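Note: the block below is my_file-v1.cif and it holds mmCIF, C-alpha atoms and all ligand atoms.
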```
data_input
#
loop_
_atom_site.label_atom_id
_atom_site.label_comp_id
_atom_site.auth_asym_id
_atom_site.auth_seq_id
_atom_site.Cartn_x
_atom_site.Cartn_y
_atom_site.Cartn_z
CA MET J 238 99.67 60.88 120.22
CA GLU J 239 99.35 58.85 117.05
CA GLN J 240 100.70 60.20 113.77
CA SER J 241 97.20 60.11 112.29
CA GLU J 242 95.81 62.15 115.19
CA LEU J 243 98.52 64.76 114.73
CA ALA J 244 97.84 64.93 111.00
CA ALA J 245 94.10 65.31 111.64
CA TRP J 246 94.79 68.07 114.17
CA ARG J 247 96.90 69.89 111.61
CA GLU J 248 94.37 69.44 108.82
CA GLY J 249 91.52 70.75 110.94
CA TRP J 250 93.43 73.84 111.98
CA VAL J 251 94.81 74.59 108.50
CA LYS J 252 91.23 74.65 107.21
CA ARG J 253 90.08 76.93 110.04
CA LEU J 254 93.13 79.20 109.64
CA ASN J 255 92.53 79.53 105.92
CA GLU J 256 88.90 80.49 106.55
CA GLU J 257 89.79 83.03 109.22
CA LEU J 258 92.53 84.61 107.09
CA SER J 259 90.22 84.90 104.13
CA GLU J 260 87.52 86.44 106.34
CA ALA J 261 89.97 89.04 107.66
CA ILE J 262 90.35 90.36 104.11
CA LYS J 263 86.89 89.78 102.68
CA LYS J 264 85.00 91.41 105.53
CA PRO J 265 86.36 94.94 104.97
CA MET J 266 86.36 94.49 101.17
CA ALA J 267 82.58 94.73 100.88
CA ASP J 268 82.45 98.31 102.20
CA GLU J 269 85.61 99.74 100.68
CA PRO J 270 86.15 101.71 97.43
CA PRO J 271 87.38 99.54 94.53
CA GLU J 272 90.94 100.91 94.79
CA VAL J 273 91.17 99.66 98.37
CA GLY J 274 89.50 96.47 97.23
CA GLN J 275 92.35 95.99 94.79
CA LEU J 276 94.89 96.39 97.61
CA LEU J 277 92.98 93.86 99.73
CA SER J 278 92.91 91.53 96.77
CA ALA J 279 96.71 91.80 96.39
CA MET J 280 97.07 91.00 100.12
CA ASN J 281 94.72 88.06 99.81
CA TYR J 282 96.54 86.72 96.75
CA THR J 283 99.52 85.66 98.84
CA LEU J 284 97.63 85.11 102.09
CA GLU J 285 95.21 82.62 100.52
CA SER J 286 97.86 80.83 98.47
CA GLY J 287 98.28 78.16 101.11
CA GLY J 288 101.61 77.28 102.52
CA LYS J 289 102.13 74.87 105.35
CA ARG J 290 100.85 77.30 108.02
CA LEU J 291 103.71 76.03 110.17
CA ARG J 292 104.11 79.32 112.05
CA ALA J 293 100.44 79.52 112.99
CA LEU J 294 100.41 75.89 114.10
CA LEU J 295 103.44 76.56 116.31
CA VAL J 296 101.54 79.39 118.02
CA LEU J 297 98.53 77.16 118.67
CA ALA J 298 100.56 74.19 119.89
CA ALA J 299 102.64 76.41 122.18
CA ALA J 300 99.52 77.79 123.86
CA GLU J 301 98.26 74.30 124.50
CA ALA J 302 101.65 73.13 125.78
CA VAL J 303 101.49 75.66 128.62
CA GLY J 304 97.97 74.63 129.60
CA GLY J 305 96.10 77.35 127.69
CA GLN J 306 93.46 76.85 125.05
CA GLU J 307 94.45 76.89 121.38
CA GLN J 308 91.51 79.20 120.83
CA TRP J 309 93.10 81.91 122.99
CA ALA J 310 96.11 81.91 120.69
CA LEU J 311 94.18 82.15 117.42
CA PRO J 312 94.72 85.94 116.95
CA GLY J 313 98.45 85.30 117.37
CA ALA J 314 98.34 82.47 114.84
CA LEU J 315 96.60 84.69 112.27
CA ALA J 316 98.99 87.56 112.95
CA VAL J 317 102.14 85.49 112.30
CA GLU J 318 100.74 84.20 109.00
CA MET J 319 100.02 87.81 107.94
CA ILE J 320 103.57 88.81 108.85
CA HIS J 321 104.93 85.78 107.02
CA ALA J 322 102.88 86.66 103.90
CA TYR J 323 104.13 90.27 104.03
CA SER J 324 107.72 89.05 104.30
CA LEU J 325 107.30 86.73 101.31
CA ILE J 326 105.76 89.48 99.14
CA HIS J 327 108.56 91.91 99.94
CA ASP J 328 111.27 89.24 99.72
CA ASP J 329 110.19 88.44 96.16
CA LEU J 330 110.24 92.07 94.96
CA PRO J 331 112.66 93.05 92.17
CA ALA J 332 114.71 95.16 94.60
CA LEU J 333 115.16 92.16 96.89
CA ASP J 334 115.22 88.59 95.57
CA ASN J 335 113.39 89.34 92.33
CA ASP J 336 111.56 86.01 92.25
CA ASP J 337 108.72 85.12 89.93
CA LEU J 338 107.32 82.01 91.62
CA ARG J 339 105.91 81.55 95.13
CA ARG J 340 103.66 78.80 96.45
CA GLY J 341 103.32 77.54 92.91
CA ARG J 342 101.97 80.83 91.51
CA PRO J 343 103.43 83.98 89.94
CA THR J 344 104.63 86.30 92.70
CA CYS J 345 102.38 89.09 93.95
CA HIS J 346 104.23 91.89 92.14
CA LEU J 347 103.93 90.09 88.81
CA VAL J 348 100.16 89.97 89.16
CA TYR J 349 99.42 93.30 90.90
CA GLY J 350 102.47 95.39 89.96
CA GLU J 351 105.40 96.32 92.09
CA ALA J 352 103.87 99.38 93.76
CA LEU J 353 100.73 97.59 94.94
CA ALA J 354 102.79 94.59 96.10
CA ILE J 355 104.84 96.93 98.31
CA LEU J 356 101.64 98.37 99.74
CA ALA J 357 100.13 94.90 100.21
CA GLY J 358 103.13 93.91 102.35
CA ASP J 359 102.90 97.13 104.36
CA ALA J 360 99.19 96.65 104.92
CA LEU J 361 99.56 92.99 105.94
CA GLN J 362 102.07 94.02 108.56
CA ALA J 363 99.67 96.56 110.04
CA LEU J 364 96.74 94.14 109.83
CA ALA J 365 98.75 91.56 111.81
CA PHE J 366 99.12 93.95 114.72
CA GLU J 367 95.49 95.03 114.45
CA THR J 368 94.38 91.39 114.53
CA LEU J 369 96.43 90.68 117.62
CA ALA J 370 95.39 93.85 119.45
CA SER J 371 91.72 93.46 118.63
CA ALA J 372 91.70 90.28 120.70
CA LEU J 373 91.50 92.77 123.57
CA LEU J 374 88.10 93.96 122.49
CA GLY J 375 86.69 90.78 121.00
CA ASP J 376 85.02 87.80 122.60
CA LEU J 377 88.32 86.37 123.69
CA ALA J 378 88.84 89.32 126.05
CA GLU J 379 92.45 88.45 126.80
CA PRO J 380 93.79 90.37 129.80
CA THR J 381 95.39 93.60 128.60
CA SER J 382 98.90 92.86 129.83
CA ARG J 383 98.99 89.56 127.98
CA VAL J 384 98.06 91.18 124.69
CA SER J 385 100.49 94.08 125.09
CA GLN J 386 103.24 91.59 125.83
CA ALA J 387 102.29 89.64 122.71
CA LEU J 388 102.44 92.82 120.60
CA LEU J 389 105.89 93.59 121.97
CA ILE J 390 107.15 90.06 121.25
CA LEU J 391 106.01 90.24 117.64
CA ALA J 392 107.26 93.80 117.04
CA LYS J 393 110.73 92.98 118.38
CA ALA J 394 110.99 89.76 116.41
CA ILE J 395 110.29 91.31 113.04
CA GLY J 396 111.97 94.69 113.47
CA PRO J 397 115.49 96.03 112.89
CA LEU J 398 117.11 93.66 115.38
CA GLY J 399 115.13 90.68 114.07
CA MET J 400 113.66 89.72 110.69
CA VAL J 401 114.24 92.99 108.84
CA GLY J 402 117.75 93.24 110.29
CA GLY J 403 118.43 89.71 109.05
CA GLN J 404 117.17 90.72 105.64
CA ALA J 405 119.57 93.70 105.64
CA MET J 406 122.43 91.29 106.38
CA ASP J 407 121.21 89.02 103.58
CA LEU J 408 121.36 91.94 101.13
CA ALA J 409 124.75 93.14 102.30
CA PHE J 410 126.19 89.62 102.02
CA GLU J 411 125.27 89.24 98.34
CA GLY J 412 128.48 88.68 96.44
CA ALA J 413 130.47 88.85 99.70
CA ARG J 414 132.21 86.10 101.65
CA PRO J 415 130.95 86.26 105.22
CA GLU J 416 132.07 83.71 107.81
CA LEU J 417 129.82 80.87 108.90
CA THR J 418 129.01 82.56 112.24
CA GLN J 419 127.86 85.70 110.37
CA ILE J 420 125.65 83.59 108.12
CA ILE J 421 124.19 81.82 111.15
CA THR J 422 123.39 85.18 112.76
CA MET J 423 121.69 86.30 109.52
CA GLU J 424 119.67 83.06 109.25
CA SER J 425 118.62 83.27 112.87
CA LYS J 426 117.41 86.83 112.46
CA LYS J 427 115.67 86.56 109.12
CA THR J 428 113.82 83.32 109.88
CA GLY J 429 114.57 82.22 113.45
CA PHE J 430 113.27 85.30 115.21
CA LEU J 431 109.78 85.05 113.69
CA MET J 432 109.58 81.36 114.62
CA GLY J 433 110.83 82.20 118.11
CA SER J 434 108.03 84.74 118.37
CA CYS J 435 105.49 82.06 117.33
CA LEU J 436 106.33 79.93 120.35
CA ALA J 437 106.63 82.95 122.64
CA LEU J 438 103.28 84.31 121.43
CA GLY J 439 101.56 80.98 121.98
CA ALA J 440 103.04 80.69 125.47
CA THR J 441 102.07 84.28 126.29
CA LEU J 442 98.50 84.00 125.03
CA GLY J 443 98.25 80.62 126.76
CA GLY J 444 99.04 82.32 130.07
CA ALA J 445 102.61 81.13 130.75
CA ASP J 446 105.07 82.86 133.09
CA GLN J 447 108.04 84.88 131.84
CA LYS J 448 110.58 82.09 132.32
CA THR J 449 108.52 79.72 130.19
CA ILE J 450 107.94 82.36 127.52
CA SER J 451 111.70 82.93 127.25
CA ALA J 452 112.41 79.19 127.05
CA PHE J 453 109.83 78.84 124.28
CA GLU J 454 111.28 81.79 122.41
CA SER J 455 114.80 80.30 122.51
CA SER J 456 113.58 76.92 121.28
CA GLY J 457 111.57 78.55 118.50
CA ARG J 458 114.61 80.51 117.32
CA LEU J 459 116.67 77.34 117.15
CA ALA J 460 113.90 75.59 115.22
CA GLY J 461 113.73 78.58 112.85
CA LEU J 462 117.47 78.47 112.34
CA ALA J 463 117.21 74.78 111.47
CA PHE J 464 114.36 75.67 109.12
CA GLN J 465 116.41 78.31 107.29
CA ILE J 466 119.46 76.05 106.95
CA SER J 467 117.23 73.39 105.41
CA ASP J 468 115.76 76.11 103.18
CA ASP J 469 119.28 76.87 101.94
CA GLN J 470 119.82 73.15 101.30
CA LEU J 471 116.56 72.91 99.38
CA ASN J 472 117.59 75.88 97.26
CA VAL J 473 120.34 73.62 95.95
CA THR J 474 118.82 70.14 96.04
CA GLY J 475 115.06 70.72 96.25
CA ASP J 476 112.27 70.08 93.79
CA ALA J 477 110.80 73.35 92.50
CA GLN J 478 107.47 71.66 91.82
CA LEU J 479 107.13 70.39 95.41
CA MET J 480 108.26 73.67 96.93
CA GLY J 481 106.30 75.93 94.61
CA LYS J 482 109.31 78.22 94.27
CA ASN J 483 112.42 78.39 92.13
CA VAL J 484 115.59 76.54 93.07
CA GLY J 485 119.20 77.44 92.35
CA THR J 486 118.44 81.12 92.93
CA ASP J 487 120.94 81.58 95.78
CA ALA J 488 123.83 80.58 93.53
CA GLN J 489 122.52 82.76 90.68
CA LYS J 490 122.48 85.80 92.97
CA ALA J 491 125.76 84.88 94.69
CA LYS J 492 123.88 84.71 97.99
CA ALA J 493 125.75 83.89 101.16
CA SER J 494 124.24 80.65 102.40
CA VAL J 495 125.54 77.88 104.65
CA THR J 496 125.84 75.63 101.63
CA THR J 497 128.53 77.89 100.17
CA LEU J 498 130.73 77.13 103.18
CA ILE J 499 129.83 73.60 104.30
CA SER J 500 128.72 70.41 102.56
CA GLN J 501 125.11 69.21 102.35
CA GLU J 502 125.95 66.48 104.88
CA GLN J 503 127.40 68.97 107.31
CA ALA J 504 124.38 71.22 106.81
CA SER J 505 122.06 68.28 107.61
CA GLU J 506 124.05 67.67 110.79
CA GLN J 507 123.57 71.32 111.75
CA VAL J 508 119.82 71.08 111.10
CA SER J 509 119.62 67.99 113.27
CA LEU J 510 121.67 69.60 116.03
CA TYR J 511 119.54 72.75 116.19
CA ILE J 512 116.35 70.70 116.17
CA LYS J 513 117.63 68.58 119.06
CA ARG J 514 118.52 71.71 121.00
CA ALA J 515 115.13 73.24 120.27
CA MET J 516 113.37 70.11 121.46
CA SER J 517 115.40 69.68 124.60
CA GLY J 518 114.27 73.14 125.78
CA LEU J 519 110.66 72.06 125.31
CA ARG J 520 110.88 68.57 126.78
CA PRO J 521 109.69 69.60 130.27
CA PHE J 522 106.42 70.70 128.69
CA ASN J 523 105.75 67.34 127.12
CA SER J 524 104.04 68.53 123.94
CA PRO J 525 103.74 65.91 121.19
CA LYS J 526 102.38 68.56 118.80
CA LEU J 527 105.31 70.94 119.24
CA GLU J 528 107.81 68.11 118.96
CA TRP J 529 106.10 66.80 115.84
CA LEU J 530 105.99 70.21 114.17
CA ILE J 531 109.61 70.95 114.97
CA GLY J 532 110.67 67.42 114.04
CA SER J 533 109.05 67.88 110.63
CA ILE J 534 111.75 70.41 109.76
CA PHE J 535 114.34 67.68 109.41
CA GLY J 536 114.30 66.06 105.99
CA ARG J 537 111.48 68.28 104.74
CA SER J 538 110.99 68.57 101.01
CA SER J 539 108.71 71.65 100.93
C1 LIG E 601 109.61 80.03 103.49
O1 LIG E 601 108.72 79.58 104.49
C2 LIG E 601 110.20 81.27 104.00
C3 LIG E 601 111.40 81.37 104.61
C4 LIG E 601 112.34 80.23 104.71
C5 LIG E 601 111.78 82.67 105.27
C6 LIG E 601 112.80 83.48 104.52
C7 LIG E 601 112.90 84.85 105.12
C8 LIG E 601 112.22 85.89 104.67
C9 LIG E 601 111.33 85.77 103.48
C10 LIG E 601 112.33 87.20 105.39
C11 LIG E 601 112.08 88.34 104.44
C12 LIG E 601 111.88 89.58 105.18
C13 LIG E 601 111.61 90.78 104.59
C14 LIG E 601 111.32 91.92 105.47
C15 LIG E 601 111.61 90.97 103.13
P1 LIG E 601 107.78 78.32 104.33
O2 LIG E 601 108.50 77.20 103.65
O3 LIG E 601 107.16 78.03 105.68
O4 LIG E 601 106.64 78.86 103.36
P2 LIG E 601 105.12 78.39 103.23
O5 LIG E 601 104.36 79.23 104.25
O6 LIG E 601 104.77 78.76 101.83
O7 LIG E 601 104.99 76.93 103.54
MG MG E 602 115.49 86.54 100.58
#
```
Produce structure tokens that represent the structure in this file.
Amino acid sequence: MEQSELAAWREGWVKRLNEELSEAIKKPMADEPPEVGQLLSAMNYTLESGGKRLRALLVLAAAEAVGGQEQWALPGALAVEMIHAYSLIHDDLPALDNDDLRRGRPTCHLVYGEALAILAGDALQALAFETLASALLGDLAEPTSRVSQALLILAKAIGPLGMVGGQAMDLAFEGARPELTQIITMESKKTGFLMGSCLALGATLGGADQKTISAFESSGRLAGLAFQISDDQLNVTGDAQLMGKNVGTDAQKAKASVTTLISQEQASEQVSLYIKRAMSGLRPFNSPKLEWLIGSIFGRSS
């Protein structure tokens, strides 16, 4: 596939995803009391603020790679973006990273207050599962077992043994001196597990067998690990304008990050290594879209 075709594919889906995400919030808003409307508005503030939509695109491309239709995976794609938005809102809270800039705008809690930002994250998490489960009843009529498996994949990825567990490690490591392997475990959990679930969800909703779903999950986790290591690098060397978030914050908070233990060059080598490993697990499926999306992690600037 040509580069321009891939870019057009991405552009088309980002537009559609943005519309669908906005619809998921605006539809209930019309009938709800204003207080609930305010909560929905806080959810939408982060959800509509753009972002690369990388996780959703991974879900769609994974479904296609196993011979399914991208359309079947759309509820999964919307769900992971809702989870991602929830994680960003909570990550930025004063009790966690206390950040004031996200996707080029003031963070959710600065605009809506801390209490409503907490609730917005909670509600986005629930809405993600509702969106995925409602595929059962909607036009897509996915077979029940496929949807329950998808729910399980997502729940496990973001729970205590996955994303939230990784976040607990991140907190505990502040001001501490963990070893590189401990940092890698933290990075894999807090970012890798959700990306692993993106590929596994796409494969599941696309109708793949268990062996394929597991292979996709492993590759996605490696890609997510590469993504988080490059995120740590960008926190030191990145351009705040391009990224729409503050840089230098890890050092300010004495965060444990790979860049505190290895050089930028060594970190780039690690990123490249994990991307290669992620891709080699996917090679049998011959998916230019997945390879392109995962390849875009190396050398990214936003
Ligand atoms: C940037 O993604 C986000 C990360 C690198 C993930 C960091 C991990 C967390 C925020 C987990 C926090 C979890 C809890 C429960 C608080 P991106 O560059 O794809 O952002 P974009 O969507 O704006 O492009
Ligand atoms: Mg954080």
Can you tell me which residues come within 7 Å of ligand MG 602 (chain E) when counting only C-alpha atoms and all ligand atoms, ideally as a ChimeraX atom specification? /J:328,333-334,404,407
Taking only C-alpha atoms and all ligand atoms into account, list the residues no farther than 8 Å from ligand LIG 601 (chain E), as a PDB file with C-alpha atoms, in the frame of the given file.
```pdb
ATOM      1  CA  SER J 286      97.860  80.830  98.470  1.00  0.00           C
ATOM      2  CA  GLY J 287      98.280  78.160 101.110  1.00  0.00           C
ATOM      3  CA  GLY J 288     101.610  77.280 102.520  1.00  0.00           C
ATOM      4  CA  LYS J 289     102.130  74.870 105.350  1.00  0.00           C
ATOM      5  CA  ARG J 290     100.850  77.300 108.020  1.00  0.00           C
ATOM      6  CA  LEU J 291     103.710  76.030 110.170  1.00  0.00           C
ATOM      7  CA  ARG J 292     104.110  79.320 112.050  1.00  0.00           C
ATOM      8  CA  GLU J 318     100.740  84.200 109.000  1.00  0.00           C
ATOM      9  CA  HIS J 321     104.930  85.780 107.020  1.00  0.00           C
ATOM     10  CA  ALA J 322     102.880  86.660 103.900  1.00  0.00           C
ATOM     11  CA  TYR J 323     104.130  90.270 104.030  1.00  0.00           C
ATOM     12  CA  SER J 324     107.720  89.050 104.300  1.00  0.00           C
ATOM     13  CA  LEU J 325     107.300  86.730 101.310  1.00  0.00           C
ATOM     14  CA  ILE J 326     105.760  89.480  99.140  1.00  0.00           C
ATOM     15  CA  HIS J 327     108.560  91.910  99.940  1.00  0.00           C
ATOM     16  CA  ASP J 328     111.270  89.240  99.720  1.00  0.00           C
ATOM     17  CA  ASP J 329     110.190  88.440  96.160  1.00  0.00           C
ATOM     18  CA  LEU J 333     115.160  92.160  96.890  1.00  0.00           C
ATOM     19  CA  ARG J 339     105.910  81.550  95.130  1.00  0.00           C
ATOM     20  CA  ARG J 340     103.660  78.800  96.450  1.00  0.00           C
ATOM     21  CA  ILE J 395     110.290  91.310 113.040  1.00  0.00           C
ATOM     22  CA  MET J 400     113.660  89.720 110.690  1.00  0.00           C
ATOM     23  CA  VAL J 401     114.240  92.990 108.840  1.00  0.00           C
ATOM     24  CA  GLY J 403     118.430  89.710 109.050  1.00  0.00           C
ATOM     25  CA  GLN J 404     117.170  90.720 105.640  1.00  0.00           C
ATOM     26  CA  LYS J 427     115.670  86.560 109.120  1.00  0.00           C
ATOM     27  CA  THR J 428     113.820  83.320 109.880  1.00  0.00           C
ATOM     28  CA  PHE J 464     114.360  75.670 109.120  1.00  0.00           C
ATOM     29  CA  GLN J 465     116.410  78.310 107.290  1.00  0.00           C
ATOM     30  CA  ASP J 468     115.760  76.110 103.180  1.00  0.00           C
ATOM     31  CA  MET J 480     108.260  73.670  96.930  1.00  0.00           C
ATOM     32  CA  GLY J 481     106.300  75.930  94.610  1.00  0.00           C
ATOM     33  CA  SER J 539     108.710  71.650 100.930  1.00  0.00           C
TER      34      SER J 539
END
```
Can you pull out the residues contacting segment 348-365 of chain J? Cut-off 7 Å, using only C-alpha atoms, and skip same-chain residues under 3 positions away; I want them as a JSON list (two decimals) with C-alpha atoms, in the frame of the given file.
```
[["chain", "number", "residue", "atom", "x", "y", "z"],
["J", 276, "LEU", "CA", 94.89, 96.39, 97.61],
["J", 279, "ALA", "CA", 96.71, 91.80, 96.39],
["J", 280, "MET", "CA", 97.07, 91.00, 100.12],
["J", 316, "ALA", "CA", 98.99, 87.56, 112.95],
["J", 317, "VAL", "CA", 102.14, 85.49, 112.30],
["J", 319, "MET", "CA", 100.02, 87.81, 107.94],
["J", 320, "ILE", "CA", 103.57, 88.81, 108.85],
["J", 323, "TYR", "CA", 104.13, 90.27, 104.03],
["J", 324, "SER", "CA", 107.72, 89.05, 104.30],
["J", 326, "ILE", "CA", 105.76, 89.48, 99.14],
["J", 327, "HIS", "CA", 108.56, 91.91, 99.94],
["J", 343, "PRO", "CA", 103.43, 83.98, 89.94],
["J", 344, "THR", "CA", 104.63, 86.30, 92.70],
["J", 345, "CYS", "CA", 102.38, 89.09, 93.95],
["J", 368, "THR", "CA", 94.38, 91.39, 114.53],
["J", 369, "LEU", "CA", 96.43, 90.68, 117.62]]
```
Between J:Thr474, J:Tyr511, J:Val484, J:Ile499, which is the closest to Gly461 of chain J once you count all atoms listed in the file?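 Among J:Thr474, J:Tyr511, J:Val484, J:Ile499, it is J:Tyr511 that comes nearest to Gly461 of chain J.
Distance annotation: of J:Leu347, J:Gly412, J:Asn335, J:Gly313, the residue with the minimal separation from Phe366 of chain J is J:Gly313; atom set is only C-alpha atoms.
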Point-to-point distance in Å for atom CA of Ala440 of chain J and atom CA of Val251 of chain J: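 Going from atom CA of Val251 of chain J over to atom CA of Ala440 of chain J, I get 19.8 Å.
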Between atom CA of Ile466 of chain J and atom CA of Pro397 of chain J, what is the distance in Å, rounded to a tenth?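 The value is 21.2 Å.
Remark: for Ala394 of chain J, the closest of the candidate residues J:His346, J:Lys513, J:Lys264, J:Arg458 is J:Arg458 (distances computed over all atoms listed in the file).
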What's the 12 Å shell around Arg414 of chain J, counting all atoms listed in the file, without same-chain residues fewer than 2 positions away, as a PyMOL selection string? chain J and resi 407+409-412+416-420+491-495+497-498
Output C-alpha atoms of each residue in that selection to a file, as an mmCIF file, in the frame of the given file.
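The file below, again03.cif, is the result:
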```cif
data_model
loop_
_atom_site.group_PDB
_atom_site.id
_atom_site.type_symbol
_atom_site.label_atom_id
_atom_site.label_comp_id
_atom_site.auth_asym_id
_atom_site.auth_seq_id
_atom_site.Cartn_x
_atom_site.Cartn_y
_atom_site.Cartn_z
ATOM 1 C CA ASP J 407 121.210 89.020 103.580
ATOM 2 C CA ALA J 409 124.750 93.140 102.300
ATOM 3 C CA PHE J 410 126.190 89.620 102.020
ATOM 4 C CA GLU J 411 125.270 89.240 98.340
ATOM 5 C CA GLY J 412 128.480 88.680 96.440
ATOM 6 C CA GLU J 416 132.070 83.710 107.810
ATOM 7 C CA LEU J 417 129.820 80.870 108.900
ATOM 8 C CA THR J 418 129.010 82.560 112.240
ATOM 9 C CA GLN J 419 127.860 85.700 110.370
ATOM 10 C CA ILE J 420 125.650 83.590 108.120
ATOM 11 C CA ALA J 491 125.760 84.880 94.690
ATOM 12 C CA LYS J 492 123.880 84.710 97.990
ATOM 13 C CA ALA J 493 125.750 83.890 101.160
ATOM 14 C CA SER J 494 124.240 80.650 102.400
ATOM 15 C CA VAL J 495 125.540 77.880 104.650
ATOM 16 C CA THR J 497 128.530 77.890 100.170
ATOM 17 C CA LEU J 498 130.730 77.130 103.180
#
```
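Counting all atoms listed in the file and comparing J:Asp476, J:Glu367, J:Glu242, J:Glu424, the residue that lies closest to Ser385 of chain J is J:Glu367.
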Using only C-alpha atoms: which of J:Ile390, J:Ile534, J:Leu527, J:Leu295 has the shortest distance to Ile512 of chain J: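 For Ile512 of chain J, the nearest of the candidates is J:Ile534.
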Contacts of Glu301 of chain J at 12 Å or less, counting all atoms listed in the file, minus same-chain residues fewer than 2 places along, as an mmCIF file with C-alpha atoms, in the frame of the given file?
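Full text of result-v1.cif as output:
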```
data_model
loop_
_atom_site.group_PDB
_atom_site.id
_atom_site.type_symbol
_atom_site.label_atom_id
_atom_site.label_comp_id
_atom_site.auth_asym_id
_atom_site.auth_seq_id
_atom_site.Cartn_x
_atom_site.Cartn_y
_atom_site.Cartn_z
ATOM 1 C CA LEU J 294 100.410 75.890 114.100
ATOM 2 C CA LEU J 295 103.440 76.560 116.310
ATOM 3 C CA VAL J 296 101.540 79.390 118.020
ATOM 4 C CA LEU J 297 98.530 77.160 118.670
ATOM 5 C CA ALA J 298 100.560 74.190 119.890
ATOM 6 C CA ALA J 299 102.640 76.410 122.180
ATOM 7 C CA VAL J 303 101.490 75.660 128.620
ATOM 8 C CA GLY J 304 97.970 74.630 129.600
ATOM 9 C CA GLY J 305 96.100 77.350 127.690
ATOM 10 C CA GLN J 306 93.460 76.850 125.050
ATOM 11 C CA GLU J 307 94.450 76.890 121.380
ATOM 12 C CA GLN J 308 91.510 79.200 120.830
ATOM 13 C CA TRP J 309 93.100 81.910 122.990
ATOM 14 C CA ALA J 310 96.110 81.910 120.690
ATOM 15 C CA LEU J 311 94.180 82.150 117.420
ATOM 16 C CA LEU J 436 106.330 79.930 120.350
ATOM 17 C CA LEU J 438 103.280 84.310 121.430
ATOM 18 C CA GLY J 439 101.560 80.980 121.980
ATOM 19 C CA ALA J 440 103.040 80.690 125.470
ATOM 20 C CA THR J 441 102.070 84.280 126.290
ATOM 21 C CA LEU J 442 98.500 84.000 125.030
ATOM 22 C CA GLY J 443 98.250 80.620 126.760
ATOM 23 C CA GLY J 444 99.040 82.320 130.070
ATOM 24 C CA ALA J 445 102.610 81.130 130.750
ATOM 25 C CA PHE J 522 106.420 70.700 128.690
ATOM 26 C CA ASN J 523 105.750 67.340 127.120
ATOM 27 C CA SER J 524 104.040 68.530 123.940
ATOM 28 C CA PRO J 525 103.740 65.910 121.190
ATOM 29 C CA LYS J 526 102.380 68.560 118.800
ATOM 30 C CA LEU J 527 105.310 70.940 119.240
#
```
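Note that the spacing between atom CA of Leu315 of chain J and atom CA of Glu257 of chain J amounts to 7.6 Å.
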Between J:Ser517, J:Ser538, J:Ala302, J:Val508, which one has atoms that come closest to Asn472 of chain J, using all atoms listed in the file?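 Of all the options, J:Ser538 lies closest to Asn472 of chain J.
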